[in-house]
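**Q** Next up is a structure, given as structure tokens.
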Amino acid sequence: MTGTAADFVWLAPLLALAGFVLNGALALWRPAAKTAVSVIGVGVLVGAFVVAVLTFRAFAGLETDVPLLFRYWSWMPVGELQLDVALQVDQLSTVMLLVVTGVGSLIHLFSVGYMREDPGYARYFAYLNLFVFFMLVLVLGANFAVLFVGWEGVGLCSYLLIGFWFTETVNADAGRKAFVVNRIGDFGFLLAMLMIFWATGSLDFGAVFGQAPAAFDAGGAAITGITLLLFLGCTGKSAQIPLYTWLPDAMQGPTPVSALIHAATMVTAGVYLVARCGVLFALAPLSSAVVAGTGALTALFAATIALKQWDIKRVLAYSTISQLGYMFLAVGTGGAAMAAGIFHLATHAFFKALLFLGSGSVIFAMHRAYHATHSPEDAQDMRNMGGLRRFMPWTAMLMWIATLAIAGVPFFSGFFSKDEILAAAFARGTVHPQWLVFWAIGLVAALLTAFYMTRLMLYTFHGPNRTGERERQHLAEAPWMMTGPLLVLGVLSAVGGLLNLPALWGGNAWLHHWLEPVTESAVVDAVPPLSHGTEWVLVGIAVAVAVLGVVGAWRLLKPAGLVPAREAPAERGFQRVLRNKWYVDEIYDALIVRPIVWLSREVLWKRVDQRLVDGAGVNGAARAARAWGALGTRLQNGQVGVYVALFVVGVLLVLWRAIG
Amino acid sequence: MYERWALTALLVWPLVAGLGVMVLPAPRARAAALVASLVEFAISAPLWWTFVPDGGMQFLADYAWIPAWGIRYTVGVDGISLFMVLLTTFLMPLSVLGSWNIPRRQPAFFGLLLILTTGMIGVFVSLDLFLFYVMWEVMLIPMYFIIGVWGGDNRLYAAIKFFIYTMFGSLLMLVAILALYTAAGRATGTYSFAYTHLLSQATQPGPTAWWLFGAFFLAFAIKVPLFPFHTWLPDAHVEAPTAGSVILAGILLKMGTYGFLRFALPLFPGVALHETVQFAIVALSLVGIIYGGLVAMVQPDFKKLIAYSSVSHLGFVMLGIWALTLQSVQGALLVMINHGISTGALFFLVGMIYERRHSRMIDAYGGIARVVPLFAAILTVVSLSSIGLPGTNGFVGEFLVLLGAFRHYPVATAIATTGVIIAAAYLLWALQRIIFNPLTDPENERLTDLTPRELLVLVPLLACIVWIGVYPKPFLRRMEPAARALIEQVRPAPLP
Amino acid sequence: MLLGPALAISAVLFTLGVAGVLLRRNVIVIFICVELMLNAVNLTFVALSQHLGVGGQVFVFFVMAVAAAEAAVGLAIILAVYRHQRSVDLQNMRLLKG
Amino acid sequence: MSLDPTRYGDLALILLPELVLTGWALIVLLFVAWRHETARDLRITGWLTFAGFVATAGAVWWLWWRVAHAAGLAGMIAVDDFRWACDWIFLGAAALTVLLSFRYLEREQLLAPEYYVLLIFATLGMMIMAGGADLMVIFLGLELMSIAVYVLAGFDRRRARSAEAAIKYFLLGAFASGFLLYGIALVYGATGTTNIVLIGVQLGFAGRPGVMLLAGLALLLVGFAFKVAAVPFHAWAPDVYDGAPTPVTAFMATGVKAAAFAALFRVLLEGFAPLDVWRHIVWWLALVTMIGGNLLALGQRSVKRMLAYSSVAHAGYLLVAVAAEGTAAFLVYLAAYTLMTLGAFAVLAAKGREGESEVTIDDLSGLGGQRPWLAFAMAVCMLSLLGFPATAGFIGKWYILLAATQAGENLLAAALVVTSVVSAGYYLPVIMAMYMKPESSEAAHVDVRLGRTAAVAVALMTAGILILGVWPNRLFDLARTAGDSVRPANTLSAPPSGARPGN
């Protein structure tokens, strides 16, 4: 207890939970009460944001390096295991708290407009509130187990929201896929927890991180195993290779959900976890390299796929995977780059949320247009769009801001954060050469990012309109309830870089210093700072790459030559491989899913269980007994002669046994 | 007063009430049964508060029964059996309420349910091996009738399979009990079936101890059920009426694991902790977890799916028991309780939808969340509890088991942990095919949502799901001394 | 009379009786074979009683009485069967089997 | 009360039960000589017979209560608790059979009161078998019993099946008697005596047993194995049980079998205790009988044949008691077995017509709904036969298992329980049919009637099964003292254990 507003941090998750309970009840019994739902749904989030701000101010005012711990009740007290339900307020969690409640509030607001007509309105807000609750538990949890509650809880909400329109099989499939794939990651998380507990005797962050340097040999098998398993969890939650496949499918959910869960908050939980466990990763250089390498590779790989997607949300989904890869590259690099990762997390939350919500606006408009003419066309296919800037100028303008930000065009928020990551990777590369490779990959990915984002904007908002004659009459800008939040996000995307304006640009790197209490313990080994000259060169390369990407796309792509989706010819060659996402889903399906189902059904169930154990074993024994009985009764044929013979045989046997 | 008579009252009351209910006219029988089961619960409720967590047996009652053989009526509970008793008395009123509209011969059905209660509680409180054995077998009969008379199409096969399977194991246990009795009698000169007496003579590994352990193992393994002794379970679960399935899964299966905790481990610590036995049992638990989950995944029948998922869950319990750490044993106990609650609730839900639609096939449904949102919501919550989502009871139990087991069997625990993936795969897939996906069958359009009575059955279970998930301490606190005592008894010196 | 040969002869007689029961099908013949067995035993008793006193001879009388009772009852039963079957061949008596 | 068999008065007391019953038999015989026309005569004879059994039981009780025992040298008849206990079981079985017969005989038009006389003589034979301390006495008792039962089996002579049962039983029974008798002769030749106690004394002193003795013992065992229907000497049992009138079948399955076992116990434990070879033989017989009886019963559809085979299986369980020398266990099991077998046959008799061979298990379908009490009695009997806890059958089986484990015969105990599991495969379908299958037609069970006396008997048996299942204490005390009274005469023969001949 500090006697400050931070003591009331529990109010934030509790408000969200209350929102869930109330909206859930409304969803079941009064689904038509949409006004009440909106007030509750948005109200609790705004309330939580206020709590977050107050907590942040109070905590900042304390000027302490020690996390604030709030224990509420004893959860699992068993022997040496003493798990409490406890929250922790420190520099990292306050940043996350602000991002989650801030972006969350905007997206809730946007949803009021976006979901207005949906019959599942109340259910939607109930799920969304529940998500925020779990997300807050995740970022505030003071031990691994509480964090895990949030971790799986957000997965659950993601599952429910992806499959929100559950009467379509694809949607329900996508939700389930998300949950199951995440569970694979959670398997790693769970095992890591077990190993951590038996190594350090605790699951509390403070105790574990305090004891880690003593409990583990640096670079030893135990710590490497733990961190790799933790990272397995992160690859699931944050959609990294090899578990990223669920995220593109997750776009089946309502678009604000994609913005909130699958871009801004939940998917960054993995980054948060690695940052949180920086101490552990610092002890395991191999794991750090794996994290950074996986991040870099994912960044590149997802970007290649994004090049050839036609679905506007899928482009953004792969873009998200790619950007998350950057964040992992950052947190895997360690030390100061941790802060860069969190920085990118924040800026990405702004511009990606903006992009998703913007695309939501577009889809909203397209959908309305097609709906008005009862046309069965795909409202999300960019080939059906084109020239939309004339109909929705605000959206177009705001999305351009976000595009420039993500492309890394100077002075937009993404420029600073991405540049910092690449610079950190390069710096680490001066000590560990493999980071130079990661840096190079990151650079190529940046180029591709600029390219495919420009492509997206070009096809959507520029060139001729391909929507169709009659539909065109119905295209219009979204209501203010939706453009309002976009505006806020646009501002943040533009100026978000101020959060952590590096010294190079005359800033004081505020976020960097703020997070120092958390990141300083995660320093791997001393990396000599880059000279200003090198830094300028790197900035130059990054800017060149971004500009090259944007301009290249602008020059190379001809939106005028596109035909609407239904008339478009199939892709050929490598384009087709990209279009089909390198066939990874198919490969997973053929190598893992189908064999397991086949094994379970044909071998384990039908052969082993039904034929072998139950058939040959159990019923076989019964049948055998009956067969022997039937055989015996054939001797019992009513003939006295046979009975006498049996008798005499018996006599002989008894005599033999007695005398012999 | 309460101390001495509580358990006896718990045993006598349902028997008497059950016989009484049987002769009542049909419309009044169910109400009487509900009252009787609530009274039973009321009798048992003070156990929760008056129980002192000290590791010893409490509420002891001890009277001579057949002195010629040293058979006594000895009952008592400790931190292990307390929860089994409470789980039983908790589930019984719900089962009665859940079978409110059971067709045909209602008085007999509710009477048998109550008599079954006596048998089940008897198993958990008996501290005399003769009494234990009698209770263990006696409870078969009502269950046999419940499956055989009120079950599904294939009920006769399921009933006789259930009966013979269980009997096969338990009769060999009977021989083992007798051999144990004889051996202890020879060694001490006192011939007695008292648990404490036989426990004090717990034998060191020798050829006999191996055989005796084998007999006990078989009896309990069938009940648990461990692979490959599990095939009675899918049939019995599927064919039994709702209350039968709930009790089978909720309580009867726990008798197997309870038997391991109470008898097989403490009586034969040398054999039970022998390397080969440890390996075999841990391996079988793993097979149960993985195999049960995989087979559950491909079941077209929802009840069968739940049945196989029980195999999987009980695998966790066995792993927890054999790991013999404080966390794993308490986790195993919690999983036992949780499984009773979650799987019980699942069976109730299947039963409720079955009453409306007369199909247990997953394919028969789809998209019904739109028609019956309340049902869908509760089914979702219960399924999540069953797959161990943190914040629900399922997580606490499984987490403790895995945490505890990891200490002694890291590799096995790692394999067991994959069970959480499989659980999500099979249950969510089934969930999707039932409540999500397009609503294709017009019959499903006409489904009606849960009635207040059905809600009354489910709400207590949901409350427990959340309670144990969020604040399991009251449970853990009460079971810890008993778990500690058990571990010290079996494994006096900690492993190196 | 020597004990050994007497016992041997009675054993042979007994075996003959058994063989007769085993091989014949006519109820009357079988019954006579059973009587042969009993009489073989009687011979044994008589032979033994040379050494062991009168006990054996007393037994013979008992056995004869029993055999007579058996014969009376047995023939009555055979008659009852004959009424149904019109035959005393055992091969026809197979209503009861399985 | 010490009784000296050399004094006539005491001898009369020793034989008091047999004398009472013999006298009664003669009176009944006289009575039926001039009253044998109507159903009423039959009923009177029945009650007269019942009274006779009660009176005899009273005589037995008096001797038992006075702790009668023989003084002086070994006599031809034993005076011990074992005999009284067995007598009670025989008399109980016989009396219950009488109660079951009233309605049955009238229904099947078997209006010959000689039926009851034969029943009395058969019972008398049993009592002599159980009391016989001399092989010759046992033989005479056995023949008395057998000849009466041969006739009873064919009592329904109008039915071909009954006649066939009689002829089969008679031929095979006489054949087996020949073996038994030959065995007695050989034992007599080897030991010079037929007195069981003296045989025991002889064997205690003798060295390695000769071929004659062993062959004699083997043939004795064969003779008894036939009477108890042990595999492979069981083949007559299913056919005869099937063909005989059902109350007679019940009496055979209980009384006849019990008497043969009682005699076997006395012969083996008092006479041949020093010889080990019979233990091996009985061990094998028990094993084969349990397996064979249970497997054979598994394939039956006819309830009566199923019960016949089941009684073969139960002979196997009783042989386990013999192998384990568990006299008390034997008595307890016998008491339970008598109750449950009689009960099952009684219900069957109520259901069936004309010998009941045709009643299949499925014919009982729906009995639980239409005749709940009858079905309940049948269910209790089935569960008891299965050895289910809270029934007398369980207590009996438990005791036999206990005896087996205490004798170190764990394997036999395991075989017993495993074969018991098999038996669930044919007992349970009966319950299943009664309660879980619908009746074939509305009128399927309308004419199922026990009759008043049989109803009382069945109620008594059901109650007895349940009460003994929960509170067997008194039965145990009786059985233990009775069982302990059958022991080798160790006062005379006391070779150090392990130095027994034939080891």
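Ligands are numbered from 1 in the order shown, residues from 1 within each chain, and chains are lettered A, B, ... in the order they appear in the structure tokens.
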Which residues are near Pro67 in chain B? Cut-off 10 Å, only C-alpha atoms, ignore same chain within fewer than 6 positions. Put them as a list of chain:residue names.
**A**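 The filter keeps B:Tyr191, B:Ser192, D:Asn473, D:Phe476.
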**Q** Using N, CA, C and O atoms, can you write the selected residues to a file as a short mmCIF file (atom, residue, chain, number, x, y, z; two decimals), in the first residue's frame?
**A**
data_model
loop_
_atom_site.label_atom_id
_atom_site.label_comp_id
_atom_site.auth_asym_id
_atom_site.auth_seq_id
_atom_site.Cartn_x
_atom_site.Cartn_y
_atom_site.Cartn_z
N TYR B 191 -6.17 -61.24 14.44
CA TYR B 191 -6.82 -61.31 13.14
C TYR B 191 -7.85 -60.21 13.03
O TYR B 191 -8.83 -60.21 13.77
N SER B 192 -7.58 -59.26 12.18
CA SER B 192 -8.49 -58.12 12.09
C SER B 192 -8.42 -57.53 10.69
O SER B 192 -7.37 -57.55 10.05
N ASN D 473 -23.27 -63.81 12.37
CA ASN D 473 -22.48 -64.17 13.55
C ASN D 473 -22.89 -65.50 14.17
O ASN D 473 -22.06 -66.34 14.50
N PHE D 476 -21.88 -68.41 12.18
CA PHE D 476 -20.45 -68.68 12.29
C PHE D 476 -20.12 -69.47 13.54
O PHE D 476 -19.35 -70.41 13.51
#
**Q** Can you work out which residues from chain D touch chain A at a cut-off of 8 Å (counting only C-alpha atoms) and hand them back as a compact mmCIF listing (two decimals) with all heavy atoms, in the first residue's frame?
**A**
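In the end it all went to selection27.txt:
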# COMPACT_ATOMS: atom_id res chain seq x y z
N LYS D 168 -31.24 -92.61 -16.36
CA LYS D 168 -29.83 -92.17 -16.43
C LYS D 168 -29.22 -92.10 -15.04
O LYS D 168 -28.09 -92.54 -14.80
CB LYS D 168 -29.75 -90.79 -17.10
CG LYS D 168 -29.86 -90.86 -18.62
CD LYS D 168 -29.72 -89.49 -19.24
CE LYS D 168 -29.67 -89.60 -20.76
NZ LYS D 168 -29.78 -88.29 -21.41
N LEU D 172 -26.15 -94.67 -13.96
CA LEU D 172 -24.86 -94.06 -13.63
C LEU D 172 -24.61 -94.11 -12.12
O LEU D 172 -23.48 -94.31 -11.67
CB LEU D 172 -24.80 -92.62 -14.14
CG LEU D 172 -24.69 -92.54 -15.66
CD1 LEU D 172 -24.99 -91.13 -16.14
CD2 LEU D 172 -23.31 -92.95 -16.11
N VAL D 211 -0.19 -99.61 -2.78
CA VAL D 211 -1.00 -99.37 -3.97
C VAL D 211 -2.47 -99.63 -3.68
O VAL D 211 -3.35 -98.89 -4.11
CB VAL D 211 -0.52 -100.26 -5.13
CG1 VAL D 211 -1.46 -100.15 -6.32
CG2 VAL D 211 0.89 -99.89 -5.53
N LEU D 214 -4.01 -96.72 -1.90
CA LEU D 214 -4.15 -95.54 -2.75
C LEU D 214 -5.25 -95.74 -3.78
O LEU D 214 -6.05 -94.84 -4.04
CB LEU D 214 -2.81 -95.24 -3.45
CG LEU D 214 -1.71 -94.76 -2.50
CD1 LEU D 214 -0.39 -94.62 -3.26
CD2 LEU D 214 -2.09 -93.44 -1.88
N ALA D 215 -5.28 -96.96 -4.34
CA ALA D 215 -6.33 -97.22 -5.32
C ALA D 215 -7.69 -97.14 -4.65
O ALA D 215 -8.65 -96.59 -5.21
CB ALA D 215 -6.11 -98.59 -5.95
N LEU D 217 -8.49 -95.39 -2.01
CA LEU D 217 -8.80 -93.97 -1.77
C LEU D 217 -9.28 -93.30 -3.06
O LEU D 217 -10.27 -92.56 -3.06
CB LEU D 217 -7.55 -93.27 -1.23
CG LEU D 217 -7.67 -91.76 -1.05
CD1 LEU D 217 -8.78 -91.42 -0.07
CD2 LEU D 217 -6.36 -91.17 -0.58
N ALA D 218 -8.59 -93.61 -4.15
CA ALA D 218 -8.95 -92.99 -5.42
C ALA D 218 -10.38 -93.35 -5.80
O ALA D 218 -11.18 -92.48 -6.18
CB ALA D 218 -7.98 -93.44 -6.51
N LEU D 219 -10.73 -94.64 -5.64
CA LEU D 219 -12.07 -95.05 -6.04
C LEU D 219 -13.12 -94.47 -5.10
O LEU D 219 -14.22 -94.10 -5.53
CB LEU D 219 -12.15 -96.57 -6.09
CG LEU D 219 -11.28 -97.20 -7.20
CD1 LEU D 219 -11.43 -98.70 -7.22
CD2 LEU D 219 -11.62 -96.61 -8.55
N VAL D 222 -13.71 -91.10 -6.29
CA VAL D 222 -14.52 -91.12 -7.51
C VAL D 222 -15.99 -91.27 -7.15
O VAL D 222 -16.86 -90.56 -7.67
CB VAL D 222 -14.06 -92.27 -8.44
CG1 VAL D 222 -15.09 -92.50 -9.53
CG2 VAL D 222 -12.72 -91.92 -9.04
N PRO D 232 -14.83 -84.62 -13.90
CA PRO D 232 -15.61 -85.07 -15.06
C PRO D 232 -16.68 -86.11 -14.72
O PRO D 232 -17.07 -86.85 -15.59
CB PRO D 232 -14.52 -85.68 -15.93
CG PRO D 232 -13.56 -86.27 -14.96
CD PRO D 232 -13.62 -85.44 -13.72
N PHE D 233 -17.10 -86.18 -13.46
CA PHE D 233 -18.10 -87.17 -13.10
C PHE D 233 -19.48 -86.53 -13.00
O PHE D 233 -20.38 -87.01 -12.32
CB PHE D 233 -17.73 -87.83 -11.76
CG PHE D 233 -16.31 -88.29 -11.73
CD1 PHE D 233 -15.32 -87.59 -11.06
CD2 PHE D 233 -15.93 -89.45 -12.41
CE1 PHE D 233 -14.02 -88.00 -11.06
CE2 PHE D 233 -14.62 -89.88 -12.40
CZ PHE D 233 -13.66 -89.16 -11.73
N ALA D 235 -21.51 -85.61 -15.56
CA ALA D 235 -22.31 -85.59 -16.79
C ALA D 235 -23.78 -85.94 -16.53
O ALA D 235 -24.66 -85.45 -17.23
CB ALA D 235 -21.71 -86.56 -17.80
N TRP D 236 -24.03 -86.74 -15.52
CA TRP D 236 -25.43 -87.10 -15.24
C TRP D 236 -26.23 -85.90 -14.75
O TRP D 236 -27.44 -85.81 -15.00
CB TRP D 236 -25.49 -88.18 -14.16
CG TRP D 236 -24.87 -87.74 -12.85
CD1 TRP D 236 -23.56 -87.79 -12.52
CD2 TRP D 236 -25.55 -87.18 -11.75
NE1 TRP D 236 -23.36 -87.28 -11.27
CE2 TRP D 236 -24.58 -86.90 -10.77
CE3 TRP D 236 -26.90 -86.87 -11.48
CZ2 TRP D 236 -24.91 -86.33 -9.53
CZ3 TRP D 236 -27.20 -86.31 -10.25
CH2 TRP D 236 -26.21 -86.04 -9.30
N ASP D 239 -28.59 -83.56 -16.98
CA ASP D 239 -29.71 -84.28 -17.56
C ASP D 239 -30.72 -84.66 -16.49
O ASP D 239 -31.94 -84.52 -16.67
CB ASP D 239 -29.21 -85.54 -18.27
CG ASP D 239 -28.48 -85.19 -19.56
OD1 ASP D 239 -28.30 -83.98 -19.81
OD2 ASP D 239 -28.08 -86.11 -20.29
N VAL D 277 -2.18 -87.32 -0.74
CA VAL D 277 -2.50 -87.46 -2.15
C VAL D 277 -3.91 -87.00 -2.46
O VAL D 277 -4.18 -86.41 -3.50
CB VAL D 277 -2.26 -88.91 -2.61
CG1 VAL D 277 -3.25 -89.87 -1.97
CG2 VAL D 277 -2.32 -89.00 -4.12
N TRP D 278 -4.84 -87.20 -1.53
CA TRP D 278 -6.21 -86.77 -1.84
C TRP D 278 -6.33 -85.27 -1.97
O TRP D 278 -7.17 -84.75 -2.69
CB TRP D 278 -7.21 -87.31 -0.81
CG TRP D 278 -7.04 -86.80 0.60
CD1 TRP D 278 -6.40 -87.42 1.62
CD2 TRP D 278 -7.58 -85.59 1.14
NE1 TRP D 278 -6.47 -86.68 2.77
CE2 TRP D 278 -7.19 -85.54 2.50
CE3 TRP D 278 -8.33 -84.54 0.62
CZ2 TRP D 278 -7.53 -84.48 3.33
CZ3 TRP D 278 -8.65 -83.49 1.45
CH2 TRP D 278 -8.25 -83.47 2.79
N ILE D 281 -5.65 -84.49 -5.46
CA ILE D 281 -6.75 -84.89 -6.35
C ILE D 281 -7.93 -83.92 -6.19
O ILE D 281 -8.50 -83.43 -7.16
CB ILE D 281 -7.17 -86.34 -6.06
CG1 ILE D 281 -6.01 -87.28 -6.41
CG2 ILE D 281 -8.41 -86.71 -6.86
CD1 ILE D 281 -6.23 -88.70 -5.99
N GLY D 292 -15.21 -76.01 -15.40
CA GLY D 292 -16.15 -76.70 -16.26
C GLY D 292 -17.58 -76.29 -15.99
O GLY D 292 -18.33 -75.93 -16.91
N ASN D 294 -18.86 -73.67 -14.64
CA ASN D 294 -19.20 -72.30 -15.01
C ASN D 294 -19.23 -72.09 -16.51
O ASN D 294 -20.12 -71.44 -17.04
CB ASN D 294 -18.22 -71.32 -14.36
CG ASN D 294 -18.59 -71.05 -12.93
OD1 ASN D 294 -19.72 -70.71 -12.63
ND2 ASN D 294 -17.64 -71.24 -12.02
N LEU D 295 -18.25 -72.68 -17.18
CA LEU D 295 -18.25 -72.50 -18.64
C LEU D 295 -19.45 -73.17 -19.27
O LEU D 295 -20.08 -72.63 -20.18
CB LEU D 295 -16.96 -73.07 -19.22
CG LEU D 295 -15.69 -72.26 -18.97
CD1 LEU D 295 -14.51 -72.90 -19.67
CD2 LEU D 295 -15.86 -70.83 -19.46
N LEU D 296 -19.78 -74.36 -18.77
CA LEU D 296 -20.91 -75.07 -19.37
C LEU D 296 -22.21 -74.32 -19.12
O LEU D 296 -23.08 -74.25 -19.98
CB LEU D 296 -20.99 -76.48 -18.79
CG LEU D 296 -19.92 -77.44 -19.33
CD1 LEU D 296 -19.85 -78.69 -18.49
CD2 LEU D 296 -20.24 -77.80 -20.77
N ALA D 297 -22.33 -73.74 -17.94
CA ALA D 297 -23.57 -73.03 -17.62
C ALA D 297 -23.74 -71.82 -18.52
O ALA D 297 -24.86 -71.37 -18.77
CB ALA D 297 -23.56 -72.61 -16.16
N LEU D 298 -22.62 -71.29 -18.97
CA LEU D 298 -22.65 -70.05 -19.74
C LEU D 298 -23.48 -70.18 -21.01
O LEU D 298 -24.09 -69.22 -21.46
CB LEU D 298 -21.21 -69.68 -20.10
CG LEU D 298 -20.84 -68.23 -20.22
CD1 LEU D 298 -21.31 -67.46 -19.02
CD2 LEU D 298 -19.33 -68.11 -20.35
N GLY D 299 -23.48 -71.39 -21.58
CA GLY D 299 -24.16 -71.52 -22.87
C GLY D 299 -25.63 -71.88 -22.78
O GLY D 299 -26.26 -72.09 -23.80
N VAL D 422 -17.05 -65.47 -14.20
CA VAL D 422 -17.71 -66.10 -15.34
C VAL D 422 -19.17 -66.36 -15.02
O VAL D 422 -20.05 -66.17 -15.85
CB VAL D 422 -16.99 -67.42 -15.70
CG1 VAL D 422 -17.75 -68.15 -16.80
CG2 VAL D 422 -15.57 -67.15 -16.13
**Q** Pull out every residue of chain C that has at least one atom within 7 Å of chain A, counting only C-alpha atoms, and report them as a list in words.
**A**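 Result: Leu22, Leu90, Gln91, Arg94, Leu95, Leu96, Lys97 and Gly98 of chain C.
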**Q** Neighbours of Val100 in chain A within 10 Å (only C-alpha atoms; same-chain residues fewer than 6 positions away dropped), as a list of chain:residue names?
**A**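 Counting only C-alpha atoms, the residues come to A:Leu45, A:Ala48, A:Phe49, A:Ala52, A:Thr94, A:Val132, A:Met135, A:Leu136, A:Val139, A:Leu260, A:Ile261, A:Ala264, A:Thr265, A:Met266, A:Ala346, A:Ala349.
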**Q** What residues in chain C lie within 7 Å of chain D, counting only C-alpha atoms, written as a VMD selection string?
**A** chain C and resid 31 34 37 to 38 41 44 to 45 48 52 70 74 77 to 78 80 to 81 84 93 95 to 97
**Q** Can I get the selected residues back with N, CA, C and O atoms, as a short mmCIF file (atom, residue, chain, number, x, y, z; two decimals), in the first residue's frame?
**A**
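Result saved to selection.cif:
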data_model
loop_
_atom_site.label_atom_id
_atom_site.label_comp_id
_atom_site.auth_asym_id
_atom_site.auth_seq_id
_atom_site.Cartn_x
_atom_site.Cartn_y
_atom_site.Cartn_z
N PHE C 31 -27.33 -103.00 -16.86
CA PHE C 31 -27.64 -103.21 -15.46
C PHE C 31 -27.00 -104.51 -14.95
O PHE C 31 -26.46 -104.54 -13.84
N VAL C 34 -23.47 -103.87 -14.22
CA VAL C 34 -23.28 -103.20 -12.93
C VAL C 34 -23.34 -104.24 -11.81
O VAL C 34 -22.53 -104.23 -10.87
N MET C 37 -20.15 -105.86 -11.50
CA MET C 37 -19.19 -105.05 -10.74
C MET C 37 -19.39 -105.26 -9.25
O MET C 37 -18.44 -105.46 -8.48
N LEU C 38 -20.65 -105.20 -8.82
CA LEU C 38 -20.92 -105.35 -7.39
C LEU C 38 -20.47 -106.73 -6.91
O LEU C 38 -19.89 -106.86 -5.82
N VAL C 41 -16.85 -106.94 -6.37
CA VAL C 41 -16.47 -106.36 -5.08
C VAL C 41 -16.77 -107.38 -3.98
O VAL C 41 -15.99 -107.55 -3.03
N THR C 44 -14.08 -109.68 -3.67
CA THR C 44 -12.96 -109.07 -2.96
C THR C 44 -13.18 -109.15 -1.45
O THR C 44 -12.28 -109.53 -0.70
N PHE C 45 -14.38 -108.77 -1.04
CA PHE C 45 -14.66 -108.79 0.40
C PHE C 45 -14.48 -110.20 0.97
O PHE C 45 -13.83 -110.37 2.02
N LEU C 48 -10.84 -111.10 1.17
CA LEU C 48 -10.15 -110.39 2.24
C LEU C 48 -10.53 -110.94 3.60
O LEU C 48 -9.73 -110.93 4.55
N LEU C 52 -8.97 -110.97 7.42
CA LEU C 52 -9.39 -109.84 8.24
C LEU C 52 -10.64 -110.14 9.06
O LEU C 52 -11.22 -109.24 9.65
N GLU C 70 -31.70 -102.23 -5.34
CA GLU C 70 -31.42 -101.50 -6.58
C GLU C 70 -32.09 -102.17 -7.76
O GLU C 70 -32.67 -101.50 -8.63
N GLY C 74 -34.60 -100.40 -10.02
CA GLY C 74 -34.07 -100.20 -11.36
C GLY C 74 -34.98 -100.81 -12.40
O GLY C 74 -35.29 -100.17 -13.42
N ILE C 77 -37.93 -98.71 -12.97
CA ILE C 77 -37.62 -97.52 -13.78
C ILE C 77 -37.49 -97.91 -15.24
O ILE C 77 -38.00 -97.22 -16.15
N ILE C 78 -36.83 -99.04 -15.48
CA ILE C 78 -36.66 -99.47 -16.87
C ILE C 78 -38.04 -99.69 -17.51
O ILE C 78 -38.29 -99.29 -18.66
N ALA C 80 -40.78 -98.13 -16.68
CA ALA C 80 -41.39 -96.82 -16.94
C ALA C 80 -40.86 -96.23 -18.24
O ALA C 80 -41.61 -95.67 -19.04
N VAL C 81 -39.56 -96.41 -18.43
CA VAL C 81 -38.98 -95.89 -19.67
C VAL C 81 -39.50 -96.64 -20.87
O VAL C 81 -39.84 -96.05 -21.90
N HIS C 84 -42.55 -95.36 -22.45
CA HIS C 84 -42.44 -94.19 -23.33
C HIS C 84 -41.75 -94.53 -24.63
O HIS C 84 -42.17 -94.10 -25.70
N MET C 93 -32.49 -92.72 -25.83
CA MET C 93 -32.83 -91.84 -24.71
C MET C 93 -31.96 -90.60 -24.74
O MET C 93 -30.92 -90.53 -24.11
N LEU C 95 -33.58 -87.28 -24.92
CA LEU C 95 -34.39 -86.06 -24.79
C LEU C 95 -33.62 -85.01 -24.01
O LEU C 95 -33.74 -83.81 -24.23
N LEU C 96 -32.86 -85.48 -23.03
CA LEU C 96 -32.14 -84.58 -22.13
C LEU C 96 -30.70 -84.48 -22.60
O LEU C 96 -29.96 -85.45 -22.53
N LYS C 97 -30.36 -83.35 -23.05
CA LYS C 97 -28.98 -83.14 -23.49
C LYS C 97 -28.69 -81.64 -23.57
O LYS C 97 -29.59 -80.83 -23.41
#
